[in-house]
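Dumped structure-v1.cif below, it's mmCIF, C-alpha atoms:
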```
data_run
loop_
_atom_site.label_atom_id
_atom_site.label_comp_id
_atom_site.auth_asym_id
_atom_site.auth_seq_id
_atom_site.Cartn_x
_atom_site.Cartn_y
_atom_site.Cartn_z
CA MET A 1 -29.42 -39.55 25.96
CA GLN A 2 -28.29 -38.19 22.64
CA VAL A 3 -27.02 -34.65 22.44
CA GLN A 4 -28.31 -32.81 19.42
CA LYS A 5 -25.90 -30.59 17.53
CA THR A 6 -27.38 -27.22 16.60
CA GLU A 7 -26.81 -25.92 13.13
CA THR A 8 -27.35 -22.50 11.62
CA ILE A 9 -28.91 -22.15 8.20
CA ASP A 10 -28.36 -18.99 6.17
CA LEU A 11 -30.95 -17.35 3.91
CA ASN A 12 -29.82 -19.46 0.98
CA GLY A 13 -30.43 -22.67 2.91
CA ASN A 14 -26.74 -23.42 3.45
CA LYS A 15 -25.41 -24.79 6.74
CA LYS A 16 -22.93 -22.50 8.48
CA SER A 17 -20.18 -23.57 10.88
CA ALA A 18 -18.68 -21.42 13.63
CA PHE A 19 -15.82 -20.63 11.25
CA GLY A 20 -18.40 -19.61 8.66
CA HIS A 21 -19.95 -17.20 11.13
CA ILE A 22 -16.57 -15.59 11.82
CA LYS A 23 -15.72 -15.43 8.11
CA ASN A 24 -19.08 -13.87 7.23
CA TRP A 25 -18.77 -11.33 10.06
CA PHE A 26 -15.27 -10.40 8.89
CA LEU A 27 -16.43 -9.99 5.31
CA SER A 28 -19.41 -7.91 6.49
CA LEU A 29 -16.94 -5.25 7.61
CA GLY A 30 -16.41 -4.27 3.96
CA PRO A 31 -17.73 -0.67 3.81
CA GLY A 32 -16.38 0.23 7.25
CA ILE A 33 -12.96 -1.29 6.54
CA ILE A 34 -12.73 0.59 3.23
CA THR A 35 -13.56 3.85 5.00
CA ALA A 36 -11.03 3.12 7.78
CA ALA A 37 -8.33 2.19 5.26
CA LEU A 38 -8.77 5.30 3.13
CA VAL A 39 -8.70 7.51 6.26
CA PHE A 40 -5.66 5.74 7.77
CA GLY A 41 -3.19 6.75 5.07
CA PRO A 42 0.46 7.81 5.32
CA SER A 43 -0.50 11.36 6.27
CA LYS A 44 -2.63 10.06 9.14
CA MET A 45 0.18 7.77 10.27
CA THR A 46 2.70 10.62 10.07
CA ILE A 47 0.58 13.10 12.05
CA THR A 48 -0.29 10.49 14.70
CA SER A 49 3.37 9.48 15.05
CA LYS A 50 4.38 13.13 15.42
CA LEU A 51 1.73 13.71 18.11
CA GLY A 52 3.12 10.79 20.13
CA ALA A 53 6.76 11.75 19.53
CA ASP A 54 6.30 15.43 20.40
CA TYR A 55 3.70 15.26 23.18
CA GLY A 56 3.94 11.74 24.57
CA PHE A 57 0.67 10.25 25.84
CA GLN A 58 -1.01 13.61 26.47
CA LEU A 59 -3.25 13.61 23.40
CA ILE A 60 -4.69 10.08 23.42
CA TRP A 61 -8.03 11.59 24.44
CA ILE A 62 -8.50 13.28 21.07
CA ILE A 63 -8.64 9.85 19.39
CA VAL A 64 -11.68 8.92 21.50
CA ILE A 65 -13.48 12.18 20.69
CA ALA A 66 -12.67 12.04 16.98
CA ILE A 67 -13.70 8.37 16.65
CA PHE A 68 -16.96 8.98 18.54
CA PHE A 69 -18.04 11.64 16.05
CA MET A 70 -16.68 9.64 13.12
CA VAL A 71 -18.84 6.68 14.18
CA LEU A 72 -21.83 9.01 14.51
CA PHE A 73 -21.54 10.49 11.02
CA THR A 74 -20.51 7.18 9.42
CA ASN A 75 -23.71 5.73 10.86
CA MET A 76 -25.65 8.59 9.23
CA GLY A 77 -23.97 7.88 5.90
CA ALA A 78 -24.69 4.14 6.17
CA ARG A 79 -28.39 4.74 6.95
CA ILE A 80 -28.74 7.15 4.03
CA GLY A 81 -27.20 4.49 1.76
CA GLN A 82 -29.57 1.82 3.08
CA VAL A 83 -32.74 3.89 2.77
CA ALA A 84 -32.24 5.99 -0.37
CA ASP A 85 -32.43 4.76 -3.94
CA GLN A 86 -30.55 7.87 -5.07
CA SER A 87 -26.98 8.82 -4.21
CA LEU A 88 -26.28 11.33 -1.43
CA LEU A 89 -25.16 13.97 -3.93
CA SER A 90 -28.37 13.42 -5.91
CA LEU A 91 -30.37 14.00 -2.72
CA ILE A 92 -28.39 17.21 -2.10
CA ARG A 93 -28.98 18.26 -5.73
CA ASN A 94 -32.74 17.73 -5.33
CA LYS A 95 -32.86 19.57 -2.00
CA TRP A 96 -30.59 22.58 -2.67
CA GLY A 97 -29.97 22.67 -6.41
CA LYS A 98 -27.38 21.51 -8.91
CA GLY A 99 -24.76 24.08 -7.86
CA SER A 100 -24.54 22.74 -4.30
CA ALA A 101 -23.82 19.21 -5.54
CA ILE A 102 -21.16 20.45 -7.97
CA ILE A 103 -19.40 22.54 -5.28
CA ILE A 104 -19.27 19.59 -2.87
CA GLY A 105 -18.20 17.12 -5.58
CA LEU A 106 -15.46 19.41 -6.89
CA GLY A 107 -14.28 20.21 -3.37
CA ILE A 108 -13.96 16.54 -2.46
CA PHE A 109 -12.20 15.83 -5.77
CA PHE A 110 -9.54 18.48 -5.10
CA VAL A 111 -9.12 17.33 -1.49
CA ALA A 112 -8.70 13.74 -2.69
CA THR A 113 -6.17 14.80 -5.32
CA SER A 114 -4.09 16.75 -2.79
CA PHE A 115 -4.00 13.77 -0.43
CA GLN A 116 -3.27 11.38 -3.29
CA ALA A 117 0.23 12.81 -3.61
CA GLY A 118 0.99 11.74 -0.04
CA ASN A 119 -0.43 8.26 -0.70
CA ALA A 120 1.69 7.85 -3.86
CA ILE A 121 4.83 9.08 -2.09
CA GLY A 122 4.14 6.69 0.80
CA VAL A 123 3.85 3.73 -1.60
CA GLY A 124 7.03 4.72 -3.43
CA ILE A 125 9.12 5.32 -0.30
CA SER A 126 7.97 2.16 1.47
CA ILE A 127 9.19 -0.14 -1.31
CA ALA A 128 12.15 2.00 -2.45
CA GLU A 129 13.73 2.08 1.03
CA ILE A 130 13.36 -1.70 1.38
CA ARG A 131 14.91 -2.26 -2.06
CA GLY A 132 17.43 0.59 -1.83
CA SER A 133 16.20 2.16 -5.06
CA SER A 134 14.51 5.32 -6.34
CA PRO A 135 10.83 5.72 -5.39
CA THR A 136 9.85 7.07 -8.83
CA GLY A 137 9.58 3.69 -10.53
CA TRP A 138 7.54 2.24 -7.65
CA ILE A 139 5.18 5.23 -7.66
CA ILE A 140 4.52 4.67 -11.35
CA LEU A 141 4.20 0.87 -10.98
CA PHE A 142 1.67 0.87 -8.14
CA ASN A 143 -0.40 3.65 -9.69
CA VAL A 144 -0.55 1.59 -12.89
CA ILE A 145 -1.62 -1.44 -10.81
CA GLY A 146 -4.26 0.74 -9.12
CA VAL A 147 -5.61 1.88 -12.49
CA LEU A 148 -5.66 -1.70 -13.83
CA LEU A 149 -7.67 -2.86 -10.79
CA LEU A 150 -10.43 -0.48 -11.87
CA PHE A 151 -11.11 -2.51 -14.96
CA PHE A 152 -11.52 -5.88 -13.27
CA HIS A 153 -15.08 -7.17 -13.17
CA GLY A 154 -16.52 -6.78 -9.69
CA PHE A 155 -14.19 -3.95 -8.65
CA TYR A 156 -16.04 -3.40 -5.36
CA LYS A 157 -15.46 -7.00 -4.20
CA ILE A 158 -11.76 -6.73 -5.09
CA LEU A 159 -11.61 -3.42 -3.18
CA GLU A 160 -13.17 -5.00 -0.07
CA LYS A 161 -10.79 -7.97 0.03
CA LEU A 162 -7.71 -5.83 -0.68
CA MET A 163 -8.57 -3.37 2.09
CA ILE A 164 -9.20 -6.13 4.64
CA ALA A 165 -5.80 -7.70 3.85
CA LEU A 166 -3.93 -4.38 4.10
CA VAL A 167 -5.65 -3.41 7.36
CA ALA A 168 -4.74 -6.83 8.78
CA LEU A 169 -1.09 -6.17 7.82
CA MET A 170 -1.10 -2.81 9.63
CA LEU A 171 -2.79 -4.27 12.72
CA PHE A 172 -0.18 -7.04 12.93
CA ALA A 173 2.76 -4.64 12.74
CA PHE A 174 1.54 -2.33 15.48
CA THR A 175 -0.13 -4.90 17.74
CA THR A 176 3.02 -7.02 18.05
CA THR A 177 5.13 -3.93 18.69
CA LEU A 178 2.76 -2.67 21.37
CA ILE A 179 2.80 -6.01 23.19
CA PHE A 180 6.59 -6.11 23.39
CA ILE A 181 7.06 -2.42 24.26
CA SER A 182 4.75 -2.78 27.29
CA PRO A 183 4.08 0.95 27.73
CA SER A 184 3.15 2.35 31.15
CA ALA A 185 -0.54 1.79 31.87
CA THR A 186 -0.53 4.87 34.12
CA ASP A 187 0.81 7.07 31.30
CA ILE A 188 -1.85 5.73 28.91
CA ILE A 189 -4.69 6.33 31.40
CA GLU A 190 -3.47 9.88 32.06
CA GLY A 191 -3.55 10.45 28.31
CA PHE A 192 -7.36 10.23 28.42
CA ILE A 193 -7.51 13.39 30.55
CA PRO A 194 -8.22 16.27 28.12
CA ALA A 195 -5.33 18.73 27.75
CA VAL A 196 -3.90 20.71 24.82
CA PRO A 197 -0.12 21.12 25.25
CA THR A 198 1.44 24.40 24.15
CA GLY A 199 2.20 24.42 20.44
CA SER A 200 0.08 21.35 19.64
CA LEU A 201 -3.06 23.08 18.28
CA GLY A 202 -2.04 22.87 14.61
CA LEU A 203 -1.37 19.13 14.86
CA VAL A 204 -4.57 18.58 16.87
CA ILE A 205 -6.61 20.29 14.13
CA ALA A 206 -4.82 18.26 11.44
CA PHE A 207 -5.47 15.03 13.35
CA PHE A 208 -9.15 15.85 13.82
CA ALA A 209 -9.47 16.70 10.13
CA SER A 210 -7.98 13.33 9.19
CA CYS A 211 -9.64 11.10 11.80
CA PHE A 212 -13.08 12.72 12.00
CA SER A 213 -13.31 12.47 8.22
CA ILE A 214 -16.65 13.81 7.04
CA VAL A 215 -15.60 12.96 3.48
CA GLY A 216 -15.12 9.31 4.54
CA ALA A 217 -18.47 9.30 6.35
CA PHE A 218 -20.12 10.92 3.31
CA TYR A 219 -18.72 8.23 1.02
CA GLN A 220 -20.00 5.50 3.35
CA SER A 221 -23.45 5.97 1.83
CA TYR A 222 -22.00 5.13 -1.60
CA LEU A 223 -20.21 2.05 -0.27
CA VAL A 224 -23.40 0.76 1.33
CA GLN A 225 -25.25 1.24 -1.95
CA GLU A 226 -22.49 -0.68 -3.76
CA ARG A 227 -22.89 -3.42 -1.14
CA LYS A 228 -26.66 -3.41 -1.79
CA LYS A 229 -25.99 -3.96 -5.46
CA SER A 230 -23.34 -6.68 -5.04
CA ASN A 231 -24.82 -8.43 -1.99
CA PRO A 232 -28.37 -7.35 -1.06
CA LEU A 233 -28.54 -9.78 1.89
CA LYS A 234 -25.78 -7.89 3.71
CA ALA A 235 -26.94 -4.40 2.81
CA ALA A 236 -28.76 -3.82 6.10
CA ASP A 237 -25.76 -4.79 8.24
CA LYS A 238 -24.48 -1.52 9.70
CA SER A 239 -22.40 -3.14 12.48
CA GLY A 240 -19.53 -3.62 10.04
CA SER A 241 -19.39 0.12 9.39
CA ILE A 242 -19.07 0.90 13.10
CA THR A 243 -16.52 -1.87 13.69
CA GLY A 244 -14.36 -0.60 10.82
CA ILE A 245 -14.24 2.91 12.31
CA ILE A 246 -13.43 1.51 15.77
CA MET A 247 -10.51 -0.32 14.13
CA LEU A 248 -9.39 3.06 12.78
CA GLY A 249 -9.33 4.36 16.36
CA ILE A 250 -7.43 1.32 17.62
CA MET A 251 -4.77 1.69 14.90
CA SER A 252 -4.43 5.41 15.65
CA ALA A 253 -4.01 4.72 19.37
CA MET A 254 -1.41 2.03 18.70
CA VAL A 255 0.68 4.34 16.51
CA MET A 256 0.50 7.20 19.02
CA ILE A 257 1.34 4.99 22.00
CA CYS A 258 4.28 3.35 20.18
CA ALA A 259 5.65 6.78 19.23
CA ALA A 260 5.12 8.11 22.75
CA ALA A 261 6.72 5.10 24.46
CA VAL A 262 9.77 4.99 22.18
CA LEU A 263 10.37 8.26 20.34
CA ASN A 264 9.19 10.70 23.02
CA LYS A 265 11.13 8.90 25.75
CA GLN A 266 14.32 9.26 23.67
CA GLY A 267 13.60 12.85 22.64
CA LEU A 268 13.41 11.90 18.95
CA GLN A 269 11.34 13.90 16.48
CA VAL A 270 9.41 12.67 13.45
CA THR A 271 10.48 14.28 10.19
CA ASN A 272 10.40 11.30 7.79
CA ALA A 273 9.47 7.62 7.45
CA SER A 274 12.77 6.40 8.93
CA ASP A 275 12.09 8.37 12.11
CA MET A 276 8.67 6.72 12.46
CA ALA A 277 10.25 3.29 12.00
CA LYS A 278 12.32 3.79 15.18
CA ALA A 279 9.12 3.23 17.18
CA LEU A 280 9.38 -0.48 16.27
CA GLU A 281 13.07 -0.93 17.20
CA PRO A 282 12.49 -2.35 20.73
CA LEU A 283 10.89 -5.43 19.19
CA PHE A 284 12.30 -5.83 15.69
CA GLY A 285 15.76 -4.25 15.97
CA LYS A 286 17.42 -3.91 12.56
CA TYR A 287 14.28 -5.30 10.91
CA SER A 288 12.10 -2.52 12.38
CA SER A 289 12.53 -0.32 9.32
CA THR A 290 11.46 -3.09 6.95
CA LEU A 291 8.40 -4.01 9.02
CA PHE A 292 7.36 -0.40 9.46
CA LEU A 293 7.77 0.24 5.75
CA LEU A 294 5.49 -2.74 5.05
CA GLY A 295 2.92 -1.19 7.38
CA LEU A 296 3.41 2.14 5.61
CA PHE A 297 2.89 0.37 2.27
CA GLY A 298 -0.38 -1.11 3.58
CA ALA A 299 -1.58 2.31 4.74
CA SER A 300 -0.41 4.02 1.55
CA PHE A 301 -1.71 1.57 -1.04
CA SER A 302 -5.09 1.16 0.67
CA SER A 303 -5.47 4.95 0.71
CA LEU A 304 -4.12 5.21 -2.85
CA ILE A 305 -7.04 3.09 -4.08
CA GLY A 306 -9.68 4.23 -1.60
CA ASN A 307 -8.95 7.95 -1.76
CA ALA A 308 -8.93 7.98 -5.57
CA THR A 309 -12.21 6.04 -5.56
CA VAL A 310 -13.83 8.67 -3.33
CA GLY A 311 -12.62 11.63 -5.43
CA GLY A 312 -13.50 10.04 -8.76
CA THR A 313 -16.91 8.69 -7.75
CA LEU A 314 -18.12 11.95 -6.23
CA LEU A 315 -16.84 14.07 -9.11
CA GLY A 316 -18.71 11.83 -11.55
CA ASP A 317 -21.87 12.02 -9.47
CA ALA A 318 -21.57 15.81 -9.07
CA PHE A 319 -21.75 16.27 -12.84
CA GLY A 320 -24.63 13.85 -13.29
CA PHE A 321 -22.75 10.74 -14.44
CA SER A 322 -23.49 7.38 -12.88
CA TYR A 323 -21.88 7.02 -9.47
CA GLN A 324 -21.57 3.23 -9.74
CA LEU A 325 -18.03 1.85 -9.62
CA ASP A 326 -18.58 -0.10 -12.83
CA SER A 327 -19.38 3.13 -14.72
CA LYS A 328 -16.72 4.04 -17.31
CA PRO A 329 -16.79 7.81 -16.57
CA VAL A 330 -16.38 7.14 -12.83
CA ARG A 331 -13.45 4.81 -13.45
CA CYS A 332 -11.82 7.44 -15.65
CA PHE A 333 -12.23 10.06 -12.92
CA ILE A 334 -10.73 7.65 -10.36
CA ALA A 335 -7.77 7.06 -12.68
CA LEU A 336 -7.44 10.85 -13.09
CA VAL A 337 -6.99 11.29 -9.32
CA MET A 338 -4.25 8.61 -9.39
CA VAL A 339 -2.47 10.25 -12.32
CA PHE A 340 -2.54 13.74 -10.78
CA GLY A 341 -1.39 12.37 -7.43
CA SER A 342 1.51 10.45 -8.95
CA ILE A 343 2.67 13.50 -10.95
CA ILE A 344 2.76 15.62 -7.77
CA ALA A 345 4.49 12.77 -5.90
CA ILE A 346 7.21 12.37 -8.51
CA THR A 347 7.72 16.15 -8.58
CA PHE A 348 8.24 16.29 -4.79
CA GLY A 349 10.02 12.92 -4.52
CA LYS A 350 9.63 12.77 -0.75
CA LEU A 351 7.01 12.83 2.01
CA PRO A 352 6.94 16.47 3.15
CA LEU A 353 5.47 16.59 6.68
CA GLU A 354 4.62 20.30 6.52
CA LEU A 355 2.64 19.79 3.31
CA ILE A 356 0.69 16.89 4.86
CA VAL A 357 -0.22 18.87 7.99
CA LEU A 358 -1.25 21.88 5.88
CA ALA A 359 -3.37 19.77 3.51
CA GLN A 360 -5.14 18.02 6.40
CA SER A 361 -5.76 21.37 8.10
CA VAL A 362 -7.13 23.04 4.97
CA THR A 363 -9.81 20.32 4.62
CA ILE A 364 -11.35 21.55 7.85
CA PHE A 365 -12.69 24.57 5.87
CA LEU A 366 -14.68 22.30 3.53
CA VAL A 367 -15.94 19.60 5.87
CA PRO A 368 -18.39 21.70 7.96
CA PHE A 369 -20.49 22.33 4.84
CA ILE A 370 -20.42 18.64 3.88
CA GLY A 371 -21.33 17.69 7.45
CA ILE A 372 -24.26 20.11 7.52
CA ALA A 373 -25.60 18.62 4.26
CA MET A 374 -25.37 15.06 5.63
CA TYR A 375 -26.95 16.11 8.91
CA ALA A 376 -29.87 17.83 7.15
CA ILE A 377 -30.53 14.87 4.82
CA SER A 378 -30.46 12.32 7.68
CA ASN A 379 -32.88 14.54 9.67
CA ASP A 380 -35.37 14.72 6.78
CA PRO A 381 -38.31 12.32 7.42
CA LYS A 382 -39.42 12.56 3.78
CA ILE A 383 -36.13 10.95 2.74
CA MET A 384 -35.30 8.77 5.75
CA GLY A 385 -38.78 7.67 6.87
CA GLY A 386 -38.42 5.62 10.05
CA ARG A 387 -34.60 5.73 9.80
CA VAL A 388 -34.43 9.46 10.52
CA ASN A 389 -31.90 10.57 13.19
CA SER A 390 -32.94 9.88 16.77
CA LYS A 391 -33.00 12.74 19.31
CA SER A 392 -29.59 11.73 20.68
CA MET A 393 -28.14 11.56 17.14
CA LYS A 394 -29.48 15.04 16.45
CA VAL A 395 -27.94 16.45 19.64
CA PHE A 396 -24.52 14.81 19.24
CA GLY A 397 -24.52 15.46 15.49
CA ALA A 398 -25.06 19.17 16.16
CA ILE A 399 -22.21 19.10 18.70
CA GLY A 400 -19.97 17.45 16.09
CA LEU A 401 -20.80 20.17 13.56
CA LEU A 402 -20.11 22.83 16.19
CA ILE A 403 -16.68 21.29 16.87
CA LEU A 404 -15.90 21.29 13.14
CA GLY A 405 -16.92 24.95 12.94
CA LEU A 406 -14.74 25.88 15.92
CA LEU A 407 -11.81 23.96 14.44
CA ALA A 408 -12.26 25.81 11.15
CA VAL A 409 -12.14 29.16 12.97
CA SER A 410 -9.10 28.07 15.02
CA ASN A 411 -7.40 26.82 11.87
CA ALA A 412 -8.03 30.12 10.07
CA ASN A 413 -6.51 31.96 12.99
CA GLU A 414 -3.53 29.56 13.08
CA LEU A 415 -2.85 29.79 9.34
CA PHE A 416 -3.49 33.47 8.62
CA PHE A 417 -3.20 35.51 11.80
CA GLN A 418 -0.25 33.97 13.65
#
```
Spit out the file's structure as structure tokens when you get a sec.
Amino acid sequence: MQVQKTETIDLNGNKKSAFGHIKNWFLSLGPGIITAALVFGPSKMTITSKLGADYGFQLIWIIVIAIFFMVLFTNMGARIGQVADQSLLSLIRNKWGKGSAIIIGLGIFFVATSFQAGNAIGVGISIAEIRGSSPTGWIILFNVIGVLLLFFHGFYKILEKLMIALVALMLFAFTTTLIFISPSATDIIEGFIPAVPTGSLGLVIAFFASCFSIVGAFYQSYLVQERKKSNPLKAADKSGSITGIIMLGIMSAMVMICAAAVLNKQGLQVTNASDMAKALEPLFGKYSSTLFLLGLFGASFSSLIGNATVGGTLLGDAFGFSYQLDSKPVRCFIALVMVFGSIIAITFGKLPLELIVLAQSVTIFLVPFIGIAMYAISNDPKIMGGRVNSKSMKVFGAIGLLILGLLAVSNANELFFQ
């Protein structure tokens, strides 16, 4: 009896091996990986490390909550991108007028520019500390590289592959460390029990603002439309978007657990990149700083490109230019974010933790309005047709918006009345 070997044929008529399946699945993560990479920047890594160092395992639960709502709104963004022929800002412009689109586009541009300074500083520090040199030259070099990447043909495909490689680098650094640290399973499980330690509210708000990134979810619709243009056969695949955000949660949990198991146990605080590197010492010893700085470079450079892309694309769309990544005005706006960010980075010359926490917290004032706009568009049957939000999506989406509103009120109280 002869055993027949099954083969899979793709839509182009090509035979696909098991390896081909894995490769295609990995490449399908594109939009989600880009969103995860731009969210998981140096500021996110710093805040997450500080949460673990200051409060141990107590705040692991907030990662689960933040990622749940991030998945929810990223899914909304992906469906809008799949269904609509117009951009999300164009839909907002048609629904509420030109002024609403300009306010959102300008707001996101300024948020992106403020975060870009942290990304540029992270890139500069990560290489400068390895080489024992000044970060200024490295900040300039990698921003120039970032600008040059804009003018390569097929920028979106380059962006996808670059982000996947940098996320893989970060995952390797923290996964290997976590395995060798062997943190207490009991401590980790207890960290899933909701509690807000005294003095942690400001950091909790900053973490939520960075992890539950409405701006990232908003931009997901643009990434899906770019995927539609560059690869229509994969445009309907939304599983990659969800998987990318889950990876964001996994990376956040790894950083927090490493910091809790090493830094908190030793009573060490996080004030700079060298302090964060100590979380890797149990495994890598004197090489821990180098490995951590490589991970920081991956987080910083991925966010340097991704964050500038978000700010530039949405500013261009807000003022009625083409939102496509191959549009010259959009590329100029993206380059503008990089230039502004590098100027601020060179002026500061270091990674100021207080500035990062403040910047992340301030975004919480803007994101409720962006979230409400996304929620309303994805609930509109005239736009979404059969892809309109389900009842459960409507309920949980409303809860997510309520949380953002409560965080904005808490943040206002924290910043101005205490």
Target residues per the PyMOL selection byres ((chain A and resi 64-66) around 8), formatted as a list in words: Ile60, Trp61, Ile62, Ile63, Ile67, Phe68, Phe69, Met70, Phe208, Cys211, Phe212 and Gly249 of chain A
Residue subset to file, keeping C-alpha atoms, as a PDB file, in the frame of the given file:
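part19.pdb, written as the output of this step:
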```pdb
ATOM      1  CA  ILE A  60      -4.690  10.080  23.420  1.00  0.00           C
ATOM      2  CA  TRP A  61      -8.030  11.590  24.440  1.00  0.00           C
ATOM      3  CA  ILE A  62      -8.500  13.280  21.070  1.00  0.00           C
ATOM      4  CA  ILE A  63      -8.640   9.850  19.390  1.00  0.00           C
ATOM      5  CA  ILE A  67     -13.700   8.370  16.650  1.00  0.00           C
ATOM      6  CA  PHE A  68     -16.960   8.980  18.540  1.00  0.00           C
ATOM      7  CA  PHE A  69     -18.040  11.640  16.050  1.00  0.00           C
ATOM      8  CA  MET A  70     -16.680   9.640  13.120  1.00  0.00           C
ATOM      9  CA  PHE A 208      -9.150  15.850  13.820  1.00  0.00           C
ATOM     10  CA  CYS A 211      -9.640  11.100  11.800  1.00  0.00           C
ATOM     11  CA  PHE A 212     -13.080  12.720  12.000  1.00  0.00           C
ATOM     12  CA  GLY A 249      -9.330   4.360  16.360  1.00  0.00           C
TER      13      GLY A 249
END
```
Grab the CA of Ala398 in chain A to CA of Tyr375 in chain A distance for me, in Å with one decimal place. 8.1 Å
Residues matched by the PyMOL selection byres ((chain A and resi 134) around 12), written as a PyMOL selection string: chain A and resi 121+123-133+135-140+346+349-350
Measure the distance from CA of Ser49 in chain A to CA of Val367 in chain A in Å and round it to one decimal.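 Separation of CA of Ser49 in chain A and CA of Val367 in chain A: 23.7 Å.
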Can I get the residues of range 143-219 of chain A within 12 Å of range 96-110 of chain A, each with the closest pair of atoms and their distance in Å to one decimal, using all atoms listed in the file, sorted chain first then ascending number, as a Markdown table?
```
| residue | atom | partner | partner_atom | distance |
| --- | --- | --- | --- | --- |
| A:Ser213 | CA | A:Ile108 | CA | 11.4 |
| A:Ile214 | CA | A:Ile108 | CA | 10.2 |
| A:Val215 | CA | A:Ile108 | CA | 7.1 |
| A:Gly216 | CA | A:Ile108 | CA | 10.1 |
| A:Phe218 | CA | A:Ile108 | CA | 10.1 |
| A:Tyr219 | CA | A:Ile108 | CA | 10.2 |
```
Of the candidates A:Lys394, A:Arg331, A:Arg93, A:Lys382, which shows the shortest atom-to-atom distance to Val147 in chain A, using all atoms listed in the file?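 Using all atoms listed in the file, Val147 in chain A sits closest to A:Arg331.
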Could you tell me how far CA of Ala78 in chain A lies from CA of Gln116 in chain A, in Å and to one decimal?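 Separating CA of Ala78 in chain A from CA of Gln116 in chain A is a distance of 24.5 Å.
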List the spatial neighbours of Leu296 in chain A as a list in words - criterion: any atom at most 9 Å away, all atoms listed in the file, same-chain residues fewer than 5 positions off excluded. Gly41, Pro42, Met45, Gly122, Val123, Ile125, Ser126, Met170, Ala273, Leu291 and Phe301 of chain A
Using all atoms listed in the file, the residue out of A:Ser252, A:Asn413, A:Thr177, A:Gln86 with shortest distance to Ser210 in chain A is A:Ser252
Using the chain letters and numbers from the file, give me the residues hit by the PyMOL selection byres ((chain A and resi 190) around 12), as an NGL selection string. :A and (56-61 or 184-189 or 191-195)
How would the residues just picked look written out with C-alpha atoms as a PDB file, in the coordinates of the input?
```pdb
ATOM      1  CA  GLY A  56       3.940  11.740  24.570  1.00  0.00           C
ATOM      2  CA  PHE A  57       0.670  10.250  25.840  1.00  0.00           C
ATOM      3  CA  GLN A  58      -1.010  13.610  26.470  1.00  0.00           C
ATOM      4  CA  LEU A  59      -3.250  13.610  23.400  1.00  0.00           C
ATOM      5  CA  ILE A  60      -4.690  10.080  23.420  1.00  0.00           C
ATOM      6  CA  TRP A  61      -8.030  11.590  24.440  1.00  0.00           C
ATOM      7  CA  SER A 184       3.150   2.350  31.150  1.00  0.00           C
ATOM      8  CA  ALA A 185      -0.540   1.790  31.870  1.00  0.00           C
ATOM      9  CA  THR A 186      -0.530   4.870  34.120  1.00  0.00           C
ATOM     10  CA  ASP A 187       0.810   7.070  31.300  1.00  0.00           C
ATOM     11  CA  ILE A 188      -1.850   5.730  28.910  1.00  0.00           C
ATOM     12  CA  ILE A 189      -4.690   6.330  31.400  1.00  0.00           C
ATOM     13  CA  GLY A 191      -3.550  10.450  28.310  1.00  0.00           C
ATOM     14  CA  PHE A 192      -7.360  10.230  28.420  1.00  0.00           C
ATOM     15  CA  ILE A 193      -7.510  13.390  30.550  1.00  0.00           C
ATOM     16  CA  PRO A 194      -8.220  16.270  28.120  1.00  0.00           C
ATOM     17  CA  ALA A 195      -5.330  18.730  27.750  1.00  0.00           C
TER      18      ALA A 195
END
```
Could I see range 294-303 of chain A restored to N, CA and C atoms, set down as a tab-separated table (two decimals), in the coordinates of the input?
```tsv
chain	number	residue	atom	x	y	z
A	294	LEU	N	6.59	-1.89	5.53
A	294	LEU	CA	5.49	-2.74	5.05
A	294	LEU	C	4.16	-2.22	5.55
A	295	GLY	N	4.13	-1.80	6.84
A	295	GLY	CA	2.92	-1.19	7.38
A	295	GLY	C	2.58	0.10	6.65
A	296	LEU	N	3.62	0.91	6.35
A	296	LEU	CA	3.41	2.14	5.61
A	296	LEU	C	2.88	1.84	4.20
A	297	PHE	N	3.39	0.76	3.59
A	297	PHE	CA	2.89	0.37	2.27
A	297	PHE	C	1.41	0.02	2.36
A	298	GLY	N	1.03	-0.75	3.41
A	298	GLY	CA	-0.38	-1.11	3.58
A	298	GLY	C	-1.26	0.12	3.71
A	299	ALA	N	-0.82	1.07	4.55
A	299	ALA	CA	-1.58	2.31	4.74
A	299	ALA	C	-1.64	3.12	3.45
A	300	SER	N	-0.51	3.19	2.74
A	300	SER	CA	-0.41	4.02	1.55
A	300	SER	C	-1.20	3.46	0.37
A	301	PHE	N	-1.05	2.14	0.13
A	301	PHE	CA	-1.71	1.57	-1.04
A	301	PHE	C	-3.22	1.48	-0.83
A	302	SER	N	-3.64	1.19	0.41
A	302	SER	CA	-5.09	1.16	0.67
A	302	SER	C	-5.69	2.55	0.45
A	303	SER	N	-4.99	3.59	0.91
A	303	SER	CA	-5.47	4.95	0.71
A	303	SER	C	-5.33	5.38	-0.75
```
